[in-house]
$ cat run_27.pdb   # PDB, C-alpha atoms
ATOM      1  CA  MET A 250       0.000   0.000   0.000
ATOM      2  CA  ILE A 251       1.294   3.459  -0.928
ATOM      3  CA  GLN A 252       2.059   5.863   1.920
ATOM      4  CA  PHE A 253       1.261   9.341   0.635
ATOM      5  CA  PRO A 254       3.249  12.296   2.012
ATOM      6  CA  ASP A 255       1.749  15.179   3.951
ATOM      7  CA  PHE A 256       2.929  18.718   4.718
ATOM      8  CA  THR A 257       5.212  17.503   7.516
ATOM      9  CA  THR A 258       6.959  15.098   5.159
ATOM     10  CA  PHE A 259       7.680  17.814   2.612
ATOM     11  CA  ALA A 260       8.787  20.237   5.326
ATOM     12  CA  ALA A 261      11.347  17.740   6.630
ATOM     13  CA  ILE A 262      12.759  17.210   3.138
ATOM     14  CA  PHE A 263      13.070  20.941   2.430
ATOM     15  CA  ALA A 264      14.827  21.407   5.778
ATOM     16  CA  ASP A 265      17.398  18.753   4.886
ATOM     17  CA  PRO A 266      20.550  20.377   3.387
ATOM     18  CA  ARG A 267      21.052  17.335   1.164
ATOM     19  CA  LEU A 268      18.141  18.467  -0.999
ATOM     20  CA  VAL A 269      20.118  21.237  -2.734
ATOM     21  CA  PRO A 270      22.857  19.022  -4.241
ATOM     22  CA  ALA A 271      20.202  16.410  -5.072
ATOM     23  CA  VAL A 272      18.248  19.010  -7.067
ATOM     24  CA  VAL A 273      21.392  19.949  -9.007
ATOM     25  CA  VAL A 274      22.015  16.292  -9.810
ATOM     26  CA  SER A 275      18.415  15.795 -10.922
ATOM     27  CA  ILE A 276      18.568  18.776 -13.264
ATOM     28  CA  LEU A 277      21.791  17.499 -14.821
ATOM     29  CA  ALA A 278      20.414  13.971 -15.210
ATOM     30  CA  GLY A 279      17.243  15.233 -16.859
ATOM     31  CA  ALA A 280      19.102  17.451 -19.315
ATOM     32  CA  VAL A 281      21.330  14.570 -20.377
ATOM     33  CA  ARG A 282      18.340  12.272 -20.815
ATOM     34  CA  GLY A 283      16.470  14.771 -22.946
ATOM     35  CA  PHE A 284      19.615  15.505 -24.947
ATOM     36  CA  SER A 285      20.890  11.990 -25.611
ATOM     37  CA  GLY A 286      17.933   9.719 -24.794
ATOM     38  CA  PHE A 287      19.948   7.827 -22.174
ATOM     39  CA  GLY A 288      22.318   8.407 -19.270
ATOM     40  CA  SER A 289      20.027   9.845 -16.625
ATOM     41  CA  ALA A 290      20.267   6.794 -14.353
ATOM     42  CA  LEU A 291      24.050   6.661 -14.792
ATOM     43  CA  ILE A 292      24.246  10.192 -13.412
ATOM     44  CA  TYR A 293      21.366  10.285 -10.932
ATOM     45  CA  VAL A 294      21.771   6.925  -9.179
ATOM     46  CA  PRO A 295      25.467   7.072  -8.211
ATOM     47  CA  LEU A 296      25.361  10.721  -7.121
ATOM     48  CA  VAL A 297      22.071  10.542  -5.202
ATOM     49  CA  SER A 298      23.329   7.300  -3.609
ATOM     50  CA  ALA A 299      26.292   9.298  -2.344
ATOM     51  CA  ILE A 300      24.118  12.180  -1.145
ATOM     52  CA  TYR A 301      21.474   9.970   0.518
ATOM     53  CA  ASP A 302      21.827   6.183   0.071
ATOM     54  CA  PRO A 303      21.313   3.559  -2.691
ATOM     55  CA  ARG A 304      17.745   2.728  -1.713
ATOM     56  CA  THR A 305      16.699   6.388  -1.825
ATOM     57  CA  ALA A 306      18.377   6.794  -5.200
ATOM     58  CA  ALA A 307      16.806   3.694  -6.757
ATOM     59  CA  ILE A 308      13.278   4.237  -5.483
ATOM     60  CA  THR A 309      13.083   7.951  -6.247
ATOM     61  CA  PHE A 310      14.564   7.375  -9.690
ATOM     62  CA  LEU A 311      11.932   4.733 -10.423
ATOM     63  CA  LEU A 312       9.139   7.111  -9.422
ATOM     64  CA  ILE A 313      10.655   9.872 -11.551
ATOM     65  CA  ASP A 314      11.045   7.440 -14.448
ATOM     66  CA  VAL A 315       7.352   6.619 -14.311
ATOM     67  CA  ALA A 316       6.493  10.318 -14.506
ATOM     68  CA  THR A 317       9.000  11.134 -17.264
ATOM     69  CA  GLY A 318       7.838   8.076 -19.153
ATOM     70  CA  LEU A 319       4.315   9.450 -19.206
ATOM     71  CA  ALA A 320       5.702  12.718 -20.585
ATOM     72  CA  LEU A 321       8.101  11.305 -23.200
ATOM     73  CA  MET A 322       6.573   8.028 -24.343
ATOM     74  CA  PRO A 323       3.727   9.489 -26.477
ATOM     75  CA  GLY A 324       6.217  11.290 -28.703
ATOM     76  CA  ALA A 325       8.404   8.208 -29.144
ATOM     77  CA  TRP A 326       5.605   5.629 -29.440
ATOM     78  CA  ARG A 327       5.306   5.628 -33.252
ATOM     79  CA  GLN A 328       9.057   5.755 -33.869
ATOM     80  CA  ALA A 329       9.856   2.732 -31.683
ATOM     81  CA  ASP A 330      10.173  -0.823 -33.009
ATOM     82  CA  TRP A 331       7.864  -2.678 -30.619
ATOM     83  CA  ARG A 332       9.011  -6.069 -31.931
ATOM     84  CA  GLU A 333      12.321  -5.248 -30.242
ATOM     85  CA  VAL A 334      11.011  -3.295 -27.251
ATOM     86  CA  THR A 335       8.326  -5.709 -26.015
ATOM     87  CA  PRO A 336      10.291  -8.963 -25.434
ATOM     88  CA  LEU A 337      13.239  -7.063 -23.980
ATOM     89  CA  ALA A 338      11.057  -5.102 -21.564
ATOM     90  CA  MET A 339       9.145  -8.209 -20.466
ATOM     91  CA  ALA A 340      12.381 -10.101 -19.728
ATOM     92  CA  ALA A 341      13.687  -7.076 -17.818
ATOM     93  CA  ILE A 342      10.561  -6.847 -15.669
ATOM     94  CA  PHE A 343      10.862 -10.548 -14.796
ATOM     95  CA  ALA A 344      14.530 -10.245 -13.768
ATOM     96  CA  GLY A 345      13.774  -7.037 -11.913
ATOM     97  CA  GLN A 346      11.970  -9.076  -9.257
ATOM     98  CA  PHE A 347      15.288 -10.650  -8.242
ATOM     99  CA  GLY A 348      17.206  -7.395  -8.525
ATOM    100  CA  THR A 349      14.827  -5.827  -6.035
ATOM    101  CA  LEU A 350      15.949  -8.371  -3.421
ATOM    102  CA  ILE A 351      19.510  -7.085  -3.833
ATOM    103  CA  LEU A 352      18.330  -3.515  -3.239
ATOM    104  CA  GLN A 353      16.475  -4.556  -0.095
ATOM    105  CA  TYR A 354      19.128  -6.680   1.570
ATOM    106  CA  ALA A 355      22.583  -5.681   0.293
ATOM    107  CA  ASP A 356      24.922  -3.562   2.439
ATOM    108  CA  PRO A 357      24.527   0.119   1.382
ATOM    109  CA  THR A 358      28.271   0.810   1.169
ATOM    110  CA  ALA A 359      28.910  -2.345  -0.841
ATOM    111  CA  LEU A 360      26.016  -1.409  -3.103
ATOM    112  CA  ARG A 361      27.491   2.053  -3.664
ATOM    113  CA  TRP A 362      30.819   0.541  -4.705
ATOM    114  CA  ALA A 363      28.949  -1.792  -7.034
ATOM    115  CA  ILE A 364      27.084   1.165  -8.555
ATOM    116  CA  SER A 365      30.314   3.069  -9.198
ATOM    117  CA  ILE A 366      31.922   0.026 -10.786
ATOM    118  CA  ILE A 367      28.881  -0.710 -12.955
ATOM    119  CA  VAL A 368      28.631   2.894 -14.132
ATOM    120  CA  GLY A 369      32.365   3.106 -14.820
ATOM    121  CA  ALA A 370      32.349  -0.145 -16.784
ATOM    122  CA  ALA A 371      29.240   0.916 -18.682
ATOM    123  CA  VAL A 372      30.659   4.229 -19.847
ATOM    124  CA  ALA A 373      33.959   2.551 -20.796
ATOM    125  CA  VAL A 374      32.144   0.035 -23.009
ATOM    126  CA  LEU A 375      29.874   2.684 -24.510
ATOM    127  CA  ALA A 376      32.722   5.102 -25.223
ATOM    128  CA  SER A 377      34.934   2.349 -26.693
ATOM    129  CA  GLY A 378      32.513   1.977 -29.552
ATOM    130  CA  TRP A 379      32.022  -1.757 -29.032
ATOM    131  CA  ARG A 380      28.577  -2.892 -30.091
ATOM    132  CA  TYR A 381      26.698  -6.115 -30.580
ATOM    133  CA  HIS A 382      26.635  -6.567 -34.358
ATOM    134  CA  GLY A 383      24.923  -9.926 -34.601
ATOM    135  CA  ARG A 384      21.382 -10.481 -35.772
ATOM    136  CA  PRO A 385      18.734  -9.293 -33.278
ATOM    137  CA  LEU A 386      17.676 -12.841 -32.368
ATOM    138  CA  LEU A 387      14.922 -13.322 -29.796
ATOM    139  CA  VAL A 388      17.158 -15.360 -27.486
ATOM    140  CA  VAL A 389      19.782 -12.602 -27.460
ATOM    141  CA  THR A 390      17.117  -9.975 -26.843
ATOM    142  CA  MET A 391      15.812 -11.966 -23.873
ATOM    143  CA  ILE A 392      19.303 -12.408 -22.382
ATOM    144  CA  VAL A 393      19.958  -8.672 -22.669
ATOM    145  CA  GLY A 394      16.586  -7.995 -21.060
ATOM    146  CA  LEU A 395      17.300 -10.332 -18.139
ATOM    147  CA  LEU A 396      20.671  -8.684 -17.452
ATOM    148  CA  ALA A 397      19.176  -5.212 -17.742
ATOM    149  CA  GLY A 398      16.297  -6.112 -15.447
ATOM    150  CA  LEU A 399      18.551  -7.554 -12.751
ATOM    151  CA  MET A 400      20.629  -4.370 -12.724
ATOM    152  CA  GLY A 401      17.532  -2.208 -12.925
ATOM    153  CA  GLY A 402      15.750  -3.883 -10.048
ATOM    154  CA  ALA A 403      18.812  -3.573  -7.839
ATOM    155  CA  VAL A 404      20.081  -0.082  -8.633
ATOM    156  CA  GLN A 405      17.878   1.282 -11.456
ATOM    157  CA  ILE A 406      20.741   1.038 -13.969
ATOM    158  CA  SER A 407      19.177  -1.077 -16.692
ATOM    159  CA  GLY A 408      20.210   0.933 -19.728
ATOM    160  CA  PRO A 409      23.826   0.016 -20.596
ATOM    161  CA  PRO A 410      23.223  -3.567 -21.816
ATOM    162  CA  VAL A 411      20.290  -2.351 -23.884
ATOM    163  CA  ILE A 412      22.230   0.552 -25.376
ATOM    164  CA  VAL A 413      25.181  -1.649 -26.379
ATOM    165  CA  TYR A 414      22.767  -4.116 -27.959
ATOM    166  CA  TRP A 415      20.656  -1.624 -29.871
ATOM    167  CA  LEU A 416      23.373   0.765 -31.028
ATOM    168  CA  GLY A 417      24.836  -2.085 -33.067
ATOM    169  CA  SER A 418      21.603  -2.750 -34.935
ATOM    170  CA  LEU A 419      20.031   0.678 -35.373
ATOM    171  CA  ASN A 420      21.536   3.193 -37.772
ATOM    172  CA  GLN A 421      19.707   6.367 -36.795
ATOM    173  CA  ALA A 422      20.061   8.095 -33.443
ATOM    174  CA  THR A 423      16.376   9.040 -33.536
ATOM    175  CA  SER A 424      15.275   5.385 -33.801
ATOM    176  CA  MET A 425      17.546   4.229 -30.999
ATOM    177  CA  ARG A 426      16.380   7.092 -28.818
ATOM    178  CA  ALA A 427      12.695   6.219 -29.356
ATOM    179  CA  ASN A 428      13.264   2.529 -28.624
ATOM    180  CA  PHE A 429      15.165   3.303 -25.457
ATOM    181  CA  LEU A 430      12.650   5.842 -24.174
ATOM    182  CA  CYS A 431       9.821   3.354 -24.635
ATOM    183  CA  TYR A 432      11.800   0.507 -23.069
ATOM    184  CA  VAL A 433      12.680   2.415 -19.892
ATOM    185  CA  SER A 434       9.100   3.631 -19.576
ATOM    186  CA  VAL A 435       7.604   0.134 -19.816
ATOM    187  CA  PHE A 436      10.237  -1.259 -17.446
ATOM    188  CA  ALA A 437       9.585   1.511 -14.920
ATOM    189  CA  PHE A 438       5.843   0.894 -14.974
ATOM    190  CA  GLY A 439       6.374  -2.825 -14.414
ATOM    191  CA  LEU A 440       8.906  -2.415 -11.628
ATOM    192  CA  PHE A 441       6.717   0.158  -9.892
ATOM    193  CA  PHE A 442       4.330  -2.603  -8.839
ATOM    194  CA  THR A 443       7.228  -4.755  -7.600
ATOM    195  CA  TYR A 444       8.492  -1.961  -5.353
ATOM    196  CA  LEU A 445       4.928  -1.312  -4.220
ATOM    197  CA  ALA A 446       4.351  -4.963  -3.309
ATOM    198  CA  ARG A 447       7.575  -5.035  -1.282
ATOM    199  CA  GLY A 448       6.605  -1.949   0.728
ATOM    200  CA  LEU A 449       9.377   0.243  -0.643
ATOM    201  CA  LEU A 450       7.239   3.237  -1.634
ATOM    202  CA  SER A 451       7.239   5.249   1.595
ATOM    203  CA  ALA A 452       5.870   8.765   1.988
ATOM    204  CA  GLU A 453       9.415  10.179   2.247
ATOM    205  CA  PHE A 454      10.497   8.618  -1.039
ATOM    206  CA  ILE A 455       7.359   9.796  -2.832
ATOM    207  CA  ALA A 456       7.795  13.366  -1.558
ATOM    208  CA  LEU A 457      11.477  13.495  -2.516
ATOM    209  CA  ALA A 458      10.709  12.025  -5.942
ATOM    210  CA  ALA A 459       8.002  14.638  -6.483
ATOM    211  CA  ILE A 460      10.457  17.457  -5.784
ATOM    212  CA  LEU A 461      13.378  16.035  -7.766
ATOM    213  CA  GLY A 462      11.120  14.754 -10.512
ATOM    214  CA  ALA A 463       9.568  18.157 -11.132
ATOM    215  CA  VAL A 464      12.916  19.806 -11.851
ATOM    216  CA  GLN A 465      14.124  16.785 -13.814
ATOM    217  CA  ILE A 466      11.112  16.790 -16.137
ATOM    218  CA  LEU A 467      11.672  20.489 -16.840
ATOM    219  CA  SER A 468      15.330  19.879 -17.632
ATOM    220  CA  VAL A 469      14.405  16.939 -19.912
ATOM    221  CA  GLY A 470      12.535  19.413 -22.098
ATOM    222  CA  ILE A 471      15.588  21.657 -22.313
ATOM    223  CA  GLY A 472      17.829  18.728 -23.199
ATOM    224  CA  ALA A 473      15.364  17.519 -25.847
ATOM    225  CA  ARG A 474      15.583  20.885 -27.607
ATOM    226  CA  LEU A 475      19.382  20.660 -27.618
ATOM    227  CA  PHE A 476      19.175  17.202 -29.240
ATOM    228  CA  PHE A 477      18.186  18.744 -32.557
ATOM    229  CA  LEU A 478      21.075  21.222 -32.454
ATOM    230  CA  ALA A 479      23.940  18.751 -32.133
ATOM    231  CA  THR A 480      25.431  15.843 -34.018
ATOM    232  CA  GLU A 481      25.152  12.265 -32.782
ATOM    233  CA  LYS A 482      28.889  12.240 -32.009
ATOM    234  CA  THR A 483      28.672  15.420 -29.951
ATOM    235  CA  TYR A 484      25.779  14.379 -27.732
ATOM    236  CA  ARG A 485      27.364  11.024 -26.979
ATOM    237  CA  HIS A 486      30.702  12.549 -26.003
ATOM    238  CA  VAL A 487      29.009  15.037 -23.687
ATOM    239  CA  ALA A 488      26.949  12.296 -22.043
ATOM    240  CA  TYR A 489      29.955   9.970 -21.605
ATOM    241  CA  THR A 490      32.048  12.683 -19.956
ATOM    242  CA  ILE A 491      29.357  13.613 -17.452
ATOM    243  CA  ILE A 492      28.646   9.950 -16.629
ATOM    244  CA  ALA A 493      32.335   9.157 -16.067
ATOM    245  CA  LEU A 494      32.696  12.080 -13.663
ATOM    246  CA  SER A 495      29.564  10.952 -11.811
ATOM    247  CA  ALA A 496      30.976   7.450 -11.328
ATOM    248  CA  ILE A 497      34.205   8.838  -9.871
ATOM    249  CA  VAL A 498      32.710  11.494  -7.609
ATOM    250  CA  SER A 499      30.104   9.101  -6.205
ATOM    251  CA  MET A 500      32.649   6.619  -4.844
ATOM    252  CA  PRO A 501      32.581   6.319  -1.023
ATOM    253  CA  LEU A 502      36.169   7.602  -1.016
ATOM    254  CA  PHE A 503      34.905  11.050  -2.001
ATOM    255  CA  ASP A 504      31.990  11.393   0.411
ATOM    256  CA  SER A 505      33.361  14.691   1.658
ATOM    257  CA  LEU A 506      32.592  16.208  -1.739
ATOM    258  CA  VAL A 507      28.883  15.381  -1.724
ATOM    259  CA  LYS A 508      27.949  15.305   1.967
TER     260      LYS A 508
END
$ encode --input "run_27.pdb" --output "structure tokens"
Amino acid sequence: MIQFPDFTTFAAIFADPRLVPAVVVSILAGAVRGFSGFGSALIYVPLVSAIYDPRTAAITFLLIDVATGLALMPGAWRQADWREVTPLAMAAIFAGQFGTLILQYADPTALRWAISIIVGAAVAVLASGWRYHGRPLLVVTMIVGLLAGLMGGAVQISGPPVIVYWLGSLNQATSMRANFLCYVSVFAFGLFFTYLARGLLSAEFIALAAILGAVQILSVGIGARLFFLATEKTYRHVAYTIIALSAIVSMPLFDSLVK
């Protein structure tokens, strides 16, 4: 059952000094998502995990993803290839059930190290240019979906396996962007009910997500406008640089920088 926030909940969040850096992170993550179509989780999750904790980062990002999905999915719906999106998203939702157990029971510090390592490895693979160039077979799609869902359920970082897979088979940035936006939206909707069933959607998380989500949705619109002003090479390089810095700064070694 959802615990809805009241005035006291919002007041406590606004009084918390951690809100200011979290808002900055949310704005940056939204702009990158609107600009490149991916990367918001790779920025938001590690940095908000450092500011608050991994559970706060994962749950608030999921709630924001549901809201941004409602805003972005209609525009991408007709451009997406649903023969690719549907089986991948369904496999991801299934694996997300097991990833959620990791989020619930793993040590927060260990989970933060894992997030930094995953993000660092993801940006290294993406920036290297390596892609899956085989045929988009159903079995491969399902395997990618299972891996993405496990990572997504645990730390809301489900995008990298999907990006590596799809960038090798899609030629146009617009097509890849539409597929990815629809995938993350469907996955977020599915995982929402998993988090709800496990009692993870507290009033505090909903209130924080409402605040951070509002500024992130606004910044997504700004980033989306910039998408049409830059080349595919430019927007990827910008996204990779920001993501790499996020992975480094969010390591527990540098807690003094974010807390």
$ residues_around --input "run_27.pdb" --residues "region 379-395 of chain A" --least-positions-apart "5" --cutoff "6 Å" --atoms "all atoms listed in the file" --output "PyMOL selection string"
chain A and resi 337+340-341+344+413-414+417
$ atom_distance --input "run_27.pdb" --atom1 "CA of Thr335 (chain A)" --atom2 "CA of Ala458 (chain A)"
26.9 Å
$ closest_residue --input "run_27.pdb" --among "A:Phe259, A:Phe343, A:Phe284, A:Phe454" --to "Leu396 (chain A)" --atoms "only C-alpha atoms"
A:Phe343
$ atom_distance --input "run_27.pdb" --atom1 "CA of Pro254 (chain A)" --atom2 "CA of Ala456 (chain A)"
5.9 Å
$ closest_residue --input "run_27.pdb" --among "A:Asp330, A:Asp265, A:Asp255, A:Asp302" --to "Phe429 (chain A)" --atoms "all atoms listed in the file"
A:Asp330
$ closest_residue --input "run_27.pdb" --among "A:Val487, A:Val372, A:Leu268, A:Gln405" --to "Gly472 (chain A)" --atoms "all atoms listed in the file"
A:Val487
$ residues_near_point --input "run_27.pdb" --point "(10.0, 9.8, -10.6)" --cutoff "10 Å" --atoms "only C-alpha atoms" --output "PDB file with C-alpha atoms, in the frame of the given file"
ATOM      1  CA  ALA A 307      16.806   3.694  -6.757  1.00  0.00           C
ATOM      2  CA  ILE A 308      13.278   4.237  -5.483  1.00  0.00           C
ATOM      3  CA  THR A 309      13.083   7.951  -6.247  1.00  0.00           C
ATOM      4  CA  PHE A 310      14.564   7.375  -9.690  1.00  0.00           C
ATOM      5  CA  LEU A 311      11.932   4.733 -10.423  1.00  0.00           C
ATOM      6  CA  LEU A 312       9.139   7.111  -9.422  1.00  0.00           C
ATOM      7  CA  ILE A 313      10.655   9.872 -11.551  1.00  0.00           C
ATOM      8  CA  ASP A 314      11.045   7.440 -14.448  1.00  0.00           C
ATOM      9  CA  VAL A 315       7.352   6.619 -14.311  1.00  0.00           C
ATOM     10  CA  ALA A 316       6.493  10.318 -14.506  1.00  0.00           C
ATOM     11  CA  THR A 317       9.000  11.134 -17.264  1.00  0.00           C
ATOM     12  CA  GLY A 318       7.838   8.076 -19.153  1.00  0.00           C
ATOM     13  CA  ALA A 437       9.585   1.511 -14.920  1.00  0.00           C
ATOM     14  CA  PHE A 454      10.497   8.618  -1.039  1.00  0.00           C
ATOM     15  CA  ILE A 455       7.359   9.796  -2.832  1.00  0.00           C
ATOM     16  CA  ALA A 456       7.795  13.366  -1.558  1.00  0.00           C
ATOM     17  CA  LEU A 457      11.477  13.495  -2.516  1.00  0.00           C
ATOM     18  CA  ALA A 458      10.709  12.025  -5.942  1.00  0.00           C
ATOM     19  CA  ALA A 459       8.002  14.638  -6.483  1.00  0.00           C
ATOM     20  CA  ILE A 460      10.457  17.457  -5.784  1.00  0.00           C
ATOM     21  CA  LEU A 461      13.378  16.035  -7.766  1.00  0.00           C
ATOM     22  CA  GLY A 462      11.120  14.754 -10.512  1.00  0.00           C
ATOM     23  CA  ALA A 463       9.568  18.157 -11.132  1.00  0.00           C
ATOM     24  CA  GLN A 465      14.124  16.785 -13.814  1.00  0.00           C
ATOM     25  CA  ILE A 466      11.112  16.790 -16.137  1.00  0.00           C
TER      26      ILE A 466
END
$ closest_residue --input "run_27.pdb" --among "A:Arg447, A:Arg332, A:Arg282, A:Arg426" --to "Phe347 (chain A)" --atoms "all atoms listed in the file"
A:Arg447
$ closest_residue --input "run_27.pdb" --among "A:Gly283, A:Gly369, A:Gly345, A:Pro303" --to "Leu321 (chain A)" --atoms "only C-alpha atoms"
A:Gly283
$ atom_distance --input "run_27.pdb" --atom1 "CA of Ser499 (chain A)" --atom2 "CA of Ser365 (chain A)"
6.7 Å
$ closest_residue --input "run_27.pdb" --among "A:Ser468, A:Thr258, A:Ser407, A:Asn428" --to "Gly288 (chain A)" --atoms "all atoms listed in the file"
A:Ser407
$ resolve_selection --input "run_27.pdb" --expression "the PyMOL selection byres ((chain A and resi 324) around 12)" --output "PyMOL selection string"
chain A and resi 317-323+325-329+423-424+426-428+430-431+473
$ resolve_selection --input "run_27.pdb" --expression "the PyMOL selection byres ((chain A and resi 293) around 8)" --output "list in words"
Val274, Ser275, Ala278, Ser289, Ala290, Leu291, Ile292, Val294, Pro295, Leu296, Val297, Ala306 and Phe310 of chain A
$ resolve_selection --input "run_27.pdb" --expression "the PyMOL selection byres ((chain A and resi 356-359) around 8)" --output "VMD selection string"
chain A and resid 302 to 304 354 to 355 360 to 363 501
$ decode --input "run_27.pdb" --residues "region 308-326 of chain A" --atoms "N, CA and C atoms" --output "PDB file, in the first residue's frame"
ATOM      1  N   ILE A 308      14.737   4.103  -5.568  1.00  0.00           N
ATOM      2  CA  ILE A 308      13.278   4.237  -5.483  1.00  0.00           C
ATOM      3  C   ILE A 308      12.812   5.575  -6.039  1.00  0.00           C
ATOM      4  N   THR A 309      13.501   6.654  -5.714  1.00  0.00           N
ATOM      5  CA  THR A 309      13.083   7.951  -6.247  1.00  0.00           C
ATOM      6  C   THR A 309      13.290   8.008  -7.755  1.00  0.00           C
ATOM      7  N   PHE A 310      14.357   7.362  -8.241  1.00  0.00           N
ATOM      8  CA  PHE A 310      14.564   7.375  -9.690  1.00  0.00           C
ATOM      9  C   PHE A 310      13.460   6.604 -10.400  1.00  0.00           C
ATOM     10  N   LEU A 311      13.034   5.487  -9.817  1.00  0.00           N
ATOM     11  CA  LEU A 311      11.932   4.733 -10.423  1.00  0.00           C
ATOM     12  C   LEU A 311      10.682   5.595 -10.514  1.00  0.00           C
ATOM     13  N   LEU A 312      10.339   6.275  -9.425  1.00  0.00           N
ATOM     14  CA  LEU A 312       9.139   7.111  -9.422  1.00  0.00           C
ATOM     15  C   LEU A 312       9.246   8.240 -10.445  1.00  0.00           C
ATOM     16  N   ILE A 313      10.437   8.818 -10.557  1.00  0.00           N
ATOM     17  CA  ILE A 313      10.655   9.872 -11.551  1.00  0.00           C
ATOM     18  C   ILE A 313      10.556   9.298 -12.955  1.00  0.00           C
ATOM     19  N   ASP A 314      11.089   8.086 -13.144  1.00  0.00           N
ATOM     20  CA  ASP A 314      11.045   7.440 -14.448  1.00  0.00           C
ATOM     21  C   ASP A 314       9.613   7.186 -14.903  1.00  0.00           C
ATOM     22  N   VAL A 315       8.762   6.821 -13.969  1.00  0.00           N
ATOM     23  CA  VAL A 315       7.352   6.619 -14.311  1.00  0.00           C
ATOM     24  C   VAL A 315       6.749   7.924 -14.812  1.00  0.00           C
ATOM     25  N   ALA A 316       7.049   9.021 -14.119  1.00  0.00           N
ATOM     26  CA  ALA A 316       6.493  10.318 -14.506  1.00  0.00           C
ATOM     27  C   ALA A 316       7.073  10.805 -15.838  1.00  0.00           C
ATOM     28  N   THR A 317       8.382  10.696 -16.007  1.00  0.00           N
ATOM     29  CA  THR A 317       9.000  11.134 -17.264  1.00  0.00           C
ATOM     30  C   THR A 317       8.564  10.244 -18.419  1.00  0.00           C
ATOM     31  N   GLY A 318       8.320   8.971 -18.113  1.00  0.00           N
ATOM     32  CA  GLY A 318       7.838   8.076 -19.153  1.00  0.00           C
ATOM     33  C   GLY A 318       6.487   8.511 -19.688  1.00  0.00           C
ATOM     34  N   LEU A 319       5.622   8.952 -18.792  1.00  0.00           N
ATOM     35  CA  LEU A 319       4.315   9.450 -19.206  1.00  0.00           C
ATOM     36  C   LEU A 319       4.447  10.689 -20.089  1.00  0.00           C
ATOM     37  N   ALA A 320       5.499  11.485 -19.820  1.00  0.00           N
ATOM     38  CA  ALA A 320       5.702  12.718 -20.585  1.00  0.00           C
ATOM     39  C   ALA A 320       6.361  12.461 -21.939  1.00  0.00           C
ATOM     40  N   LEU A 321       7.292  11.501 -21.998  1.00  0.00           N
ATOM     41  CA  LEU A 321       8.101  11.305 -23.200  1.00  0.00           C
ATOM     42  C   LEU A 321       7.603  10.193 -24.120  1.00  0.00           C
ATOM     43  N   MET A 322       6.944   9.202 -23.554  1.00  0.00           N
ATOM     44  CA  MET A 322       6.573   8.028 -24.343  1.00  0.00           C
ATOM     45  C   MET A 322       5.619   8.331 -25.499  1.00  0.00           C
ATOM     46  N   PRO A 323       4.619   9.219 -25.344  1.00  0.00           N
ATOM     47  CA  PRO A 323       3.727   9.489 -26.477  1.00  0.00           C
ATOM     48  C   PRO A 323       4.450   9.959 -27.731  1.00  0.00           C
ATOM     49  N   GLY A 324       5.481  10.790 -27.553  1.00  0.00           N
ATOM     50  CA  GLY A 324       6.217  11.290 -28.703  1.00  0.00           C
ATOM     51  C   GLY A 324       7.092  10.248 -29.371  1.00  0.00           C
ATOM     52  N   ALA A 325       7.516   9.242 -28.596  1.00  0.00           N
ATOM     53  CA  ALA A 325       8.404   8.208 -29.144  1.00  0.00           C
ATOM     54  C   ALA A 325       7.655   6.963 -29.580  1.00  0.00           C
ATOM     55  N   TRP A 326       6.381   6.859 -29.243  1.00  0.00           N
ATOM     56  CA  TRP A 326       5.605   5.629 -29.440  1.00  0.00           C
ATOM     57  C   TRP A 326       5.659   5.139 -30.882  1.00  0.00           C
TER      58      TRP A 326
END
